[in-house]
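Engineer: For reference, this is data_30.txt, and it has compact mmCIF, C-alpha atoms and all ligand atoms.
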# COMPACT_ATOMS: atom_id res chain seq x y z
CA MET Q 17 0.00 0.00 0.00
CA THR Q 18 1.22 3.51 -0.70
CA ALA Q 19 -0.31 6.05 1.58
CA ILE Q 20 -2.19 9.18 0.62
CA ARG Q 21 0.12 12.13 1.25
CA ILE Q 22 -1.99 14.56 3.28
CA ASP Q 23 -1.32 18.02 1.84
CA GLY Q 24 -1.32 20.27 4.90
CA LYS Q 25 -0.30 23.27 2.83
CA ALA Q 26 -3.42 22.97 0.65
CA VAL Q 27 -5.75 22.33 3.62
CA ALA Q 28 -4.22 25.29 5.48
CA GLU Q 29 -4.55 27.58 2.45
CA ALA Q 30 -8.23 26.74 2.14
CA LEU Q 31 -8.69 27.38 5.87
CA ARG Q 32 -6.86 30.68 5.61
CA ALA Q 33 -9.10 31.78 2.72
CA THR Q 34 -12.15 30.98 4.88
CA ILE Q 35 -10.61 32.92 7.76
CA GLY Q 36 -10.01 35.91 5.47
CA GLU Q 37 -13.70 35.90 4.54
CA ALA Q 38 -14.67 35.62 8.20
CA VAL Q 39 -12.48 38.64 9.02
CA ALA Q 40 -14.15 40.65 6.26
CA SER Q 41 -17.58 39.84 7.70
CA LEU Q 42 -16.76 41.25 11.15
CA ASN Q 43 -17.20 44.85 12.26
CA VAL Q 44 -13.99 44.65 14.28
CA THR Q 45 -10.49 44.23 12.80
CA PRO Q 46 -8.86 41.38 14.73
CA GLY Q 47 -5.45 42.22 16.18
CA LEU Q 48 -2.70 39.80 17.21
CA ALA Q 49 0.28 40.78 19.38
CA VAL Q 50 3.33 38.58 18.94
CA VAL Q 51 6.03 38.83 21.58
CA LEU Q 52 9.51 37.49 20.97
CA VAL Q 53 12.20 37.64 23.64
CA GLY Q 54 15.74 37.18 22.30
CA GLU Q 55 17.06 36.29 18.87
CA ASP Q 56 16.60 32.53 18.48
CA PRO Q 57 16.79 32.12 14.67
CA ALA Q 58 14.08 29.42 14.47
CA SER Q 59 11.73 31.57 16.57
CA GLN Q 60 12.44 34.59 14.36
CA VAL Q 61 11.38 32.59 11.30
CA TYR Q 62 8.18 31.39 13.02
CA VAL Q 63 7.31 34.91 14.12
CA ARG Q 64 7.93 36.38 10.66
CA ASN Q 65 5.65 33.74 9.14
CA LYS Q 66 2.91 34.45 11.66
CA ILE Q 67 2.99 38.19 10.97
CA LYS Q 68 2.91 37.67 7.18
CA ALA Q 69 -0.05 35.30 7.48
CA CYS Q 70 -1.94 37.85 9.59
CA ALA Q 71 -1.53 40.52 6.93
CA GLU Q 72 -2.82 38.16 4.23
CA ALA Q 73 -5.93 37.38 6.28
CA GLY Q 74 -6.69 41.04 7.10
CA ILE Q 75 -5.63 40.70 10.73
CA ASP Q 76 -3.61 43.53 12.35
CA SER Q 77 -0.42 42.37 13.99
CA PHE Q 78 1.69 44.06 16.60
CA HIS Q 79 5.22 42.78 16.87
CA HIS Q 80 7.16 43.20 20.12
CA THR Q 81 10.80 42.10 20.02
CA LEU Q 82 12.52 42.34 23.38
CA PRO Q 83 16.21 41.87 24.12
CA VAL Q 84 17.26 38.48 25.52
CA GLU Q 85 18.14 40.07 28.89
CA THR Q 86 14.59 41.45 29.39
CA SER Q 87 13.48 40.84 32.98
CA GLN Q 88 10.44 38.74 33.77
CA ALA Q 89 8.88 41.80 35.44
CA ASP Q 90 9.23 43.86 32.24
CA LEU Q 91 7.70 41.07 30.15
CA LEU Q 92 4.76 40.77 32.57
CA GLU Q 93 4.27 44.54 32.41
CA LEU Q 94 4.08 44.38 28.61
CA LEU Q 95 1.48 41.60 28.90
CA ASP Q 96 -0.57 43.75 31.27
CA ARG Q 97 -0.56 46.53 28.69
CA LEU Q 98 -1.56 44.15 25.89
CA ASN Q 99 -4.30 42.65 28.07
CA ALA Q 100 -5.71 46.16 28.52
CA ASP Q 101 -5.32 47.21 24.87
CA ALA Q 102 -8.70 47.03 23.07
CA SER Q 103 -7.06 46.75 19.63
CA VAL Q 104 -5.30 43.52 20.70
CA HIS Q 105 -7.52 40.42 20.69
CA GLY Q 106 -4.84 37.74 20.68
CA ILE Q 107 -1.51 37.56 22.50
CA LEU Q 108 1.20 35.08 21.61
CA VAL Q 109 4.49 34.87 23.48
CA GLN Q 110 6.84 32.81 21.38
CA LEU Q 111 8.32 29.87 23.29
CA PRO Q 112 10.87 28.85 24.42
CA LEU Q 113 11.71 31.85 26.63
CA PRO Q 114 15.20 32.56 28.00
CA GLY Q 115 16.04 30.49 31.09
CA HIS Q 116 15.67 33.33 33.62
CA ILE Q 117 11.96 33.73 32.74
CA ASP Q 118 9.39 31.28 34.10
CA GLU Q 119 7.18 30.22 31.19
CA GLN Q 120 4.21 29.19 33.31
CA THR Q 121 4.11 32.56 35.09
CA VAL Q 122 4.11 34.29 31.71
CA ILE Q 123 1.38 32.05 30.27
CA GLU Q 124 -0.82 32.64 33.30
CA ARG Q 125 -0.47 36.43 32.97
CA ILE Q 126 -2.18 36.45 29.55
CA ASP Q 127 -5.91 37.19 29.67
CA PRO Q 128 -7.52 33.77 28.92
CA ALA Q 129 -9.85 35.55 26.46
CA LYS Q 130 -6.75 36.62 24.46
CA ASP Q 131 -4.80 33.38 24.88
CA VAL Q 132 -4.67 32.37 21.22
CA ASP Q 133 -2.14 29.59 21.96
CA GLY Q 134 -4.67 27.93 24.28
CA PHE Q 135 -1.96 27.42 26.91
CA HIS Q 136 -3.58 29.23 29.86
CA PRO Q 137 -4.89 26.86 32.58
CA VAL Q 138 -8.40 28.26 32.05
CA ASN Q 139 -8.38 27.20 28.39
CA VAL Q 140 -6.64 23.89 29.18
CA GLY Q 141 -9.33 23.19 31.77
CA ARG Q 142 -12.17 24.21 29.48
CA LEU Q 143 -10.84 21.95 26.70
CA SER Q 144 -10.65 19.01 29.11
CA LEU Q 145 -14.22 19.69 30.26
CA GLY Q 146 -15.50 19.84 26.69
CA LEU Q 147 -16.43 23.53 27.03
CA PRO Q 148 -15.79 26.18 24.34
CA ALA Q 149 -12.14 27.16 24.63
CA LEU Q 150 -9.30 28.75 22.72
CA GLU Q 151 -7.55 25.55 21.68
CA PRO Q 152 -3.87 24.83 21.01
CA CYS Q 153 -3.29 25.27 17.28
CA THR Q 154 -1.03 22.34 16.41
CA PRO Q 155 -3.19 19.51 17.78
CA ARG Q 156 -6.34 21.07 16.29
CA GLY Q 157 -4.52 21.17 12.96
CA CYS Q 158 -3.77 17.45 13.34
CA VAL Q 159 -7.44 16.62 13.96
CA ILE Q 160 -8.49 18.62 10.88
CA LEU Q 161 -5.91 16.79 8.75
CA ALA Q 162 -7.02 13.38 10.03
CA GLN Q 163 -10.62 14.30 9.26
CA SER Q 164 -9.63 15.39 5.75
CA VAL Q 165 -9.10 11.69 4.97
CA GLN Q 166 -11.49 10.12 7.50
CA PRO Q 167 -14.26 12.47 8.67
CA ASP Q 168 -15.53 10.17 11.44
CA LEU Q 169 -12.74 9.17 13.83
CA SER Q 170 -15.15 7.54 16.26
CA GLY Q 171 -13.97 4.26 17.79
CA LEU Q 172 -10.44 4.45 16.37
CA HIS Q 173 -7.47 3.79 18.63
CA ALA Q 174 -5.25 6.87 18.64
CA VAL Q 175 -1.73 6.52 19.98
CA ILE Q 176 0.02 9.80 20.68
CA VAL Q 177 3.77 9.58 21.13
CA GLY Q 178 4.75 12.58 23.26
CA ARG Q 179 3.15 14.11 26.34
CA SER Q 180 3.93 17.83 25.98
CA ASN Q 181 1.55 20.52 27.14
CA ILE Q 182 1.66 22.08 23.66
CA VAL Q 183 0.83 18.97 21.62
CA GLY Q 184 0.50 15.57 23.32
CA LYS Q 185 -1.89 16.38 26.16
CA PRO Q 186 -4.31 18.65 24.25
CA MET Q 187 -4.20 16.21 21.31
CA ALA Q 188 -5.47 13.50 23.66
CA GLN Q 189 -8.38 15.68 24.78
CA MET Q 190 -9.37 16.57 21.22
CA LEU Q 191 -9.25 12.97 19.98
CA LEU Q 192 -11.22 11.86 23.03
CA ALA Q 193 -13.83 14.45 22.08
CA GLU Q 194 -13.93 12.79 18.62
CA ASN Q 195 -14.72 9.48 20.37
CA CYS Q 196 -11.32 7.91 19.83
CA THR Q 197 -9.80 5.48 22.30
CA VAL Q 198 -6.67 7.36 23.31
CA THR Q 199 -3.26 6.21 24.51
CA ILE Q 200 -0.51 8.68 25.36
CA ALA Q 201 2.88 7.05 24.99
CA HIS Q 202 6.23 8.65 25.78
CA SER Q 203 9.94 8.04 26.26
CA ARG Q 204 9.36 5.70 29.22
CA THR Q 205 6.66 3.61 27.52
CA ARG Q 206 7.65 -0.08 27.46
CA ASP Q 207 7.85 -1.57 23.98
CA LEU Q 208 6.92 1.60 22.17
CA ALA Q 209 7.01 -0.17 18.80
CA ALA Q 210 4.32 -2.65 19.89
CA MET Q 211 2.21 0.20 21.25
CA CYS Q 212 2.49 2.14 17.99
CA ARG Q 213 1.50 -0.99 16.02
CA GLN Q 214 -1.90 -0.86 17.74
CA ALA Q 215 -2.64 2.64 16.45
CA ASP Q 216 -5.33 3.37 13.88
CA ILE Q 217 -4.19 7.00 14.25
CA LEU Q 218 -0.55 7.53 15.18
CA VAL Q 219 0.53 11.00 16.26
CA ALA Q 220 4.30 11.51 16.47
CA ALA Q 221 5.30 14.45 18.65
CA VAL Q 222 8.59 13.52 20.27
CA GLY Q 223 11.14 15.74 18.52
CA ARG Q 224 13.44 12.88 17.44
CA PRO Q 225 14.26 12.69 13.75
CA GLN Q 226 12.76 9.67 11.97
CA MET Q 227 12.42 7.71 15.20
CA ILE Q 228 9.17 5.98 14.22
CA LYS Q 229 9.91 3.24 11.71
CA GLY Q 230 7.75 1.74 8.99
CA GLU Q 231 7.51 -1.56 10.86
CA TRP Q 232 6.00 0.23 13.89
CA ILE Q 233 2.95 1.19 11.84
CA LYS Q 234 -0.27 -0.77 11.60
CA PRO Q 235 -1.26 -1.37 7.96
CA GLY Q 236 -3.84 1.24 6.97
CA ALA Q 237 -3.14 3.63 9.87
CA ILE Q 238 -3.38 7.42 9.59
CA VAL Q 239 0.00 8.90 10.55
CA LEU Q 240 0.30 12.51 11.73
CA ASP Q 241 3.88 13.74 12.07
CA VAL Q 242 4.30 16.81 14.28
CA GLY Q 243 8.11 16.65 14.34
CA ILE Q 244 10.24 19.37 12.75
CA ASN Q 245 13.88 18.29 12.95
CA ARG Q 246 16.90 19.60 11.07
CA ILE Q 247 19.41 16.96 10.03
CA PRO Q 248 22.48 17.25 7.75
CA ARG Q 249 21.82 16.50 4.08
CA GLU Q 250 23.35 13.27 2.80
CA ASP Q 251 24.97 15.06 -0.16
CA GLY Q 252 27.87 16.40 1.92
CA SER Q 253 26.87 20.00 1.10
CA GLY Q 254 26.94 20.90 4.78
CA LYS Q 255 23.34 22.09 4.50
CA ASN Q 256 20.46 20.80 6.59
CA ARG Q 257 17.10 19.40 5.61
CA LEU Q 258 13.85 19.10 7.54
CA VAL Q 259 12.51 15.72 8.61
CA GLY Q 260 9.74 14.66 10.94
CA ASP Q 261 9.65 12.16 13.80
CA VAL Q 262 8.52 9.44 11.36
CA ALA Q 263 10.70 7.66 8.79
CA TYR Q 264 8.43 8.92 6.01
CA ALA Q 265 9.32 6.68 3.04
CA GLU Q 266 9.03 3.46 5.07
CA ALA Q 267 5.88 4.58 6.83
CA ALA Q 268 4.19 5.60 3.57
CA GLU Q 269 4.50 1.97 2.40
CA VAL Q 270 2.31 0.80 5.29
CA ALA Q 271 -0.02 3.65 6.29
CA SER Q 272 -3.22 4.62 4.46
CA ALA Q 273 -2.50 8.35 4.87
CA ILE Q 274 0.46 10.31 6.22
CA THR Q 275 1.47 13.94 6.67
CA PRO Q 276 4.81 14.95 5.13
CA VAL Q 277 7.43 17.20 6.74
CA PRO Q 278 7.56 19.93 5.62
CA GLY Q 279 4.09 20.67 4.26
CA GLY Q 280 1.97 18.63 6.67
CA VAL Q 281 1.08 19.72 10.20
CA GLY Q 282 3.31 22.84 10.19
CA PRO Q 283 1.15 25.04 7.92
CA MET Q 284 -1.94 24.13 9.97
CA THR Q 285 -0.46 25.67 13.11
CA ILE Q 286 -0.44 29.18 11.65
CA ALA Q 287 -3.94 28.75 10.22
CA GLY Q 288 -5.10 27.71 13.71
CA LEU Q 289 -3.53 30.80 15.23
CA LEU Q 290 -5.36 33.06 12.78
CA ARG Q 291 -8.60 31.24 13.47
CA ASN Q 292 -8.18 31.64 17.22
CA THR Q 293 -7.44 35.34 16.79
CA VAL Q 294 -10.65 35.86 14.83
CA ILE Q 295 -12.68 33.87 17.37
CA ALA Q 296 -11.15 35.88 20.24
CA ALA Q 297 -11.83 39.17 18.43
CA ALA Q 298 -15.46 38.29 17.74
CA ARG Q 299 -16.07 37.25 21.34
CA LEU Q 300 -14.31 40.29 22.83
CA ALA Q 301 -16.24 42.62 20.49
CA GLY Q 302 -19.53 40.94 21.36
CA GLU Q 303 -20.08 39.76 17.80
CA ALA Q 304 -21.12 36.28 16.68
CA VAL Q 305 -18.22 34.01 15.74
CA PRO Q 306 -18.64 33.51 11.96
CA GLY Q 307 -20.17 30.07 11.39
CA SER Q 308 -17.56 29.16 8.75
CA ILE Q 309 -14.79 29.09 11.38
CA SER Q 310 -16.74 28.02 14.46
CA ARG Q 311 -16.65 24.37 13.35
N1 LIG V 401 7.04 27.49 20.13
C1 LIG V 401 6.86 26.34 19.44
N2 LIG V 401 5.55 26.12 19.19
C2 LIG V 401 4.88 27.15 19.74
C3 LIG V 401 3.50 27.49 19.78
O1 LIG V 401 2.62 26.78 19.29
N3 LIG V 401 3.22 28.65 20.41
C4 LIG V 401 4.17 29.43 20.97
N4 LIG V 401 3.80 30.54 21.59
N5 LIG V 401 5.46 29.15 20.94
C5 LIG V 401 5.81 28.02 20.32
Let me see the structure of the file written as C-alpha cells.
Ligand code: GUN
Structural biologist:
Amino acid sequence: MTAIRIDGKAVAEALRATIGEAVASLNVTPGLAVVLVGEDPASQVYVRNKIKACAEAGIDSFHHTLPVETSQADLLELLDRLNADASVHGILVQLPLPGHIDEQTVIERIDPAKDVDGFHPVNVGRLSLGLPALEPCTPRGCVILAQSVQPDLSGLHAVIVGRSNIVGKPMAQMLLAENCTVTIAHSRTRDLAAMCRQADILVAAVGRPQMIKGEWIKPGAIVLDVGINRIPREDGSGKNRLVGDVAYAEAAEVASAITPVPGGVGPMTIAGLLRNTVIAAARLAGEAVPGSISR
C-alpha cells in the first residue's frame, strides 16, 4: 500500500481563505500581538511567518521584540498593557523563553480571552471539560488533517507519542472528544514499537528525527507527524534538511495516509492561530463568531 500524502499546505490555504472571509464579515479588525524575547533564529522565522499570514488574512499584527536580557517583570508589564489594549484580541508569546523567565508565570499572565495559543490553565481546563475554549493550534490542525481523509474518527485507537503541554496532552483531549480510544505514549513507555503498532491513528510528537519506523505502523493507519527536525543532508553540502519524527518513506509503504514534513502539520499551526485570533476578536467585540470558522 502507498499512503495518501496529506497536503497540509493545501488544507491550510483553504482554511486561511475561509478565515479571510470571516475577518471581512466582522465589524472589528482582529489584532494579534506577537512577543519574541531574544534572537533565536528558528523563533524569528516562526514569528515572521505568523505576521505575514496575519496581513494576508486582514488581521492587524503588533510585533514586540525584546532583548534576551529582558526581565520577567518587564515582560509581565508588557502583557498587562496588551491585556488592557482594546485593539489587541490575541496575544502570543513565542516559546521557548530565555532560562531566567518562568514560562508558566508568563502564560498565566495572559488574559484567557486573548490566549490564542490555548496554553492558559483556564483554556486547558475548558478543553478538558468539553467547554468552548481557545484551543492549542497544532493539535487542532492534526485533527483537521485526520478528518480530511477520514471524517468520522469515532472508535479508532489513537496513539500519541509525546506528552507535551503544547501537543501531546491537548491532542489527547481533542481525539477523546472525537470518540477515539486514546493512549498517550512517551519516552518511558515499554515496547513503544508494539504500542504504535496498535494505532489506527498515530501522532508523532517527540522531537526525534525519523524515530518511528515503517515496521512500527499498523497497515492502513493514519500517521500525523508533528516533528520538525533539522538533520544534515546526505549530499555532503553541509546544508540541513527538515525531517519529521517518522521515517516517512518506510511509513508511507504501510499507512493509508500520512502527513509529510515539511508541508503537513506545520502550515496548519499558523492557520489555527489566525482562526483563534478571529474567534477571540469576535467574542471580545460581542459579535457572533462567523459560522464558517466556528466548526
Ligand atoms: N514554540 C513552538 N511552538 C509554539 C507554539 O505553538 N506557540 C508558541 N507561543 N510558541 C511556540
Engineer: Have a look at Q:Leu208, Q:Ala220, Q:Leu111, Q:Ala30 and name the one nearest to Q:Pro155; count all atoms listed in the file.
Structural biologist: Q:Ala220
Engineer: What are the centre and the three edge lengths of an axis-aligned box that wraps all atoms of ligand LIG 401 (chain V) in the file, given that 6 Å is added to every side, written as lines of an AutoDock Vina configuration file and rounded to one decimal in Å?
Structural biologist:
center_x = 4.8
center_y = 28.3
center_z = 20.4
size_x = 16.4
size_y = 16.4
size_z = 14.4
Engineer: Got a sec to check which residues sit within 12 Å of (-8.4, 47.7, 23.3), counting all atoms listed in the file, and write them as a list in words?
Structural biologist: Val44, Thr45, Pro46, Gly47, Leu48, Ala49, Asp96, Arg97, Leu98, Asn99, Ala100, Asp101, Ala102, Ser103, Val104, His105, Gly106, Lys130, Ala297, Leu300 and Ala301 of chain Q
Engineer: Taking all atoms listed in the file into account, name the residue in Q:Val183, Q:Leu172, Q:Ile274, Q:Ile126 that is nearest to ligand LIG 401 (chain V).
Structural biologist: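 For ligand LIG 401 (chain V), the nearest of the given residues is Q:Val183.
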Engineer: Using all atoms listed in the file, pick whichever of Q:Ala174, Q:Ile75, Q:Ile67, Q:Met190 has the shortest atom-to-atom distance to Q:Ala149.
Structural biologist: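 Counting all atoms listed in the file, the residue closest to Q:Ala149 is Q:Met190.
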Engineer: Please produce, as JSON lines, a per-residue contact table for chain Q versus ligand LIG 401 (chain V) (criterion: any atom at most 6 Å away, all atoms listed in the file considered), showing the nearest atom pair and its distance in Å to one decimal, sorted by chain then residue number.
Structural biologist:
{"residue": "Q:Leu108", "atom": "CA", "partner": "V:LIG401", "partner_atom": "N4", "distance": 5.2}
{"residue": "Q:Val109", "atom": "CA", "partner": "V:LIG401", "partner_atom": "N4", "distance": 4.8}
{"residue": "Q:Gln110", "atom": "CA", "partner": "V:LIG401", "partner_atom": "N4", "distance": 3.8}
{"residue": "Q:Leu111", "atom": "CA", "partner": "V:LIG401", "partner_atom": "N5", "distance": 3.8}
{"residue": "Q:Pro112", "atom": "CA", "partner": "V:LIG401", "partner_atom": "N1", "distance": 5.9}
{"residue": "Q:Asp133", "atom": "CA", "partner": "V:LIG401", "partner_atom": "N3", "distance": 5.7}
Engineer: When you look at Q:Val63 with a cut-off of 10 Å (counting all atoms listed in the file), what residues show up, excluding the ones that are within fewer than 6 positions of it in the same chain? I need them as a PyMOL selection string.
Structural biologist: chain Q and resi 50-52+57+69+79+81+108-110+286
Engineer: For atom CA of Q:Glu119 and atom CA of Q:Val53, determine how far apart the two atoms are, in Å to one decimal place.
Structural biologist: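 Pair atom CA of Q:Glu119 / atom CA of Q:Val53 returns 11.7 Å.
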Engineer: Which is closer to Q:Val277 than all the others in Q:Arg257, Q:Arg249, Q:Arg179, Q:Lys229, using only C-alpha atoms?
Structural biologist: Q:Arg257
Engineer: List every protein, DNA or RNA residue that has at least one atom no more than 12 Å from (-18.9, 25.7, 8.4) in the file's coordinates, counting only C-alpha atoms, and write the result as a list in words.
Structural biologist: Leu31, Thr34, Ile35, Ala38, Val305, Pro306, Gly307, Ser308, Ile309, Ser310 and Arg311 of chain Q
Engineer: Looking at Q:Val270, Q:Leu240, Q:Val132, Q:Ala28, which one is nearest to Q:Cys158, with distances taken over all atoms listed in the file?
Structural biologist: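 Checking each of Q:Val270, Q:Leu240, Q:Val132, Q:Ala28 against Q:Cys158, counting all atoms listed in the file, the winner is Q:Leu240.
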Engineer: Quick check, in Å to one decimal: how far apart do atom CA of Q:Glu231 and atom CA of Q:Cys212 lie?
Structural biologist: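 Interatomic distance, atom CA of Q:Glu231 to atom CA of Q:Cys212: 9.5 Å.
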Engineer: Residues at most 8 Å from stretch 159-168 of chain Q, counting all atoms listed in the file, excluding those fewer than 2 positions away in the same chain, as a list of chain:residue names?
Structural biologist: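 Non-adjacent residues within range: Q:Ile22, Q:Gly24, Q:Val27, Q:Pro155, Q:Arg156, Q:Gly157, Q:Ser170, Q:Met190, Q:Leu191, Q:Glu194, Q:Ile238, Q:Leu240, Q:Ala273, Q:Val281.
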Engineer: Find the residues near Q:Glu124: any atom within 10 Å, counting all atoms listed in the file, skip ones fewer than 6 places away on the same chain, and give them as a list in words.
Structural biologist: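 Answer for this query is Leu92, Asp131, Phe135, His136, Pro137 and Val138 of chain Q.
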Engineer: Can you pull out the residues contacting Q:Ile228? Cut-off 12 Å, using all atoms listed in the file, and skip same-chain residues under 5 positions away; I want them as an mmCIF file with C-alpha atoms, in the frame of the given file.
Structural biologist:
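Okay, this is what ended up in out09.cif:
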data_model
loop_
_atom_site.group_PDB
_atom_site.id
_atom_site.type_symbol
_atom_site.label_atom_id
_atom_site.label_comp_id
_atom_site.auth_asym_id
_atom_site.auth_seq_id
_atom_site.Cartn_x
_atom_site.Cartn_y
_atom_site.Cartn_z
ATOM 1 C CA ILE Q 176 0.020 9.800 20.680
ATOM 2 C CA VAL Q 177 3.770 9.580 21.130
ATOM 3 C CA LEU Q 208 6.920 1.600 22.170
ATOM 4 C CA ALA Q 209 7.010 -0.170 18.800
ATOM 5 C CA ALA Q 210 4.320 -2.650 19.890
ATOM 6 C CA MET Q 211 2.210 0.200 21.250
ATOM 7 C CA CYS Q 212 2.490 2.140 17.990
ATOM 8 C CA ARG Q 213 1.500 -0.990 16.020
ATOM 9 C CA LEU Q 218 -0.550 7.530 15.180
ATOM 10 C CA VAL Q 219 0.530 11.000 16.260
ATOM 11 C CA ALA Q 220 4.300 11.510 16.470
ATOM 12 C CA ALA Q 221 5.300 14.450 18.650
ATOM 13 C CA VAL Q 222 8.590 13.520 20.270
ATOM 14 C CA GLY Q 223 11.140 15.740 18.520
ATOM 15 C CA ILE Q 233 2.950 1.190 11.840
ATOM 16 C CA LYS Q 234 -0.270 -0.770 11.600
ATOM 17 C CA VAL Q 239 0.000 8.900 10.550
ATOM 18 C CA LEU Q 240 0.300 12.510 11.730
ATOM 19 C CA ASP Q 241 3.880 13.740 12.070
ATOM 20 C CA VAL Q 242 4.300 16.810 14.280
ATOM 21 C CA GLY Q 243 8.110 16.650 14.340
ATOM 22 C CA VAL Q 259 12.510 15.720 8.610
ATOM 23 C CA GLY Q 260 9.740 14.660 10.940
ATOM 24 C CA ASP Q 261 9.650 12.160 13.800
ATOM 25 C CA VAL Q 262 8.520 9.440 11.360
ATOM 26 C CA ALA Q 263 10.700 7.660 8.790
ATOM 27 C CA TYR Q 264 8.430 8.920 6.010
ATOM 28 C CA ALA Q 265 9.320 6.680 3.040
ATOM 29 C CA GLU Q 266 9.030 3.460 5.070
ATOM 30 C CA ALA Q 267 5.880 4.580 6.830
ATOM 31 C CA ALA Q 268 4.190 5.600 3.570
#
Engineer: Which residue out of Q:Met284, Q:Leu147, Q:Cys196, Q:Ala188 has the minimum interatomic distance to Q:Asp23 when only C-alpha atoms are used?
Structural biologist: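 The shortest atom-to-atom distance to Q:Asp23 comes from Q:Met284.
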Engineer: Could you work out how far atom CA of Q:Ile247 lies from atom CA of Q:Ile20, giving the answer in Å with one decimal?
Structural biologist: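 These atoms are spaced 24.8 Å apart.
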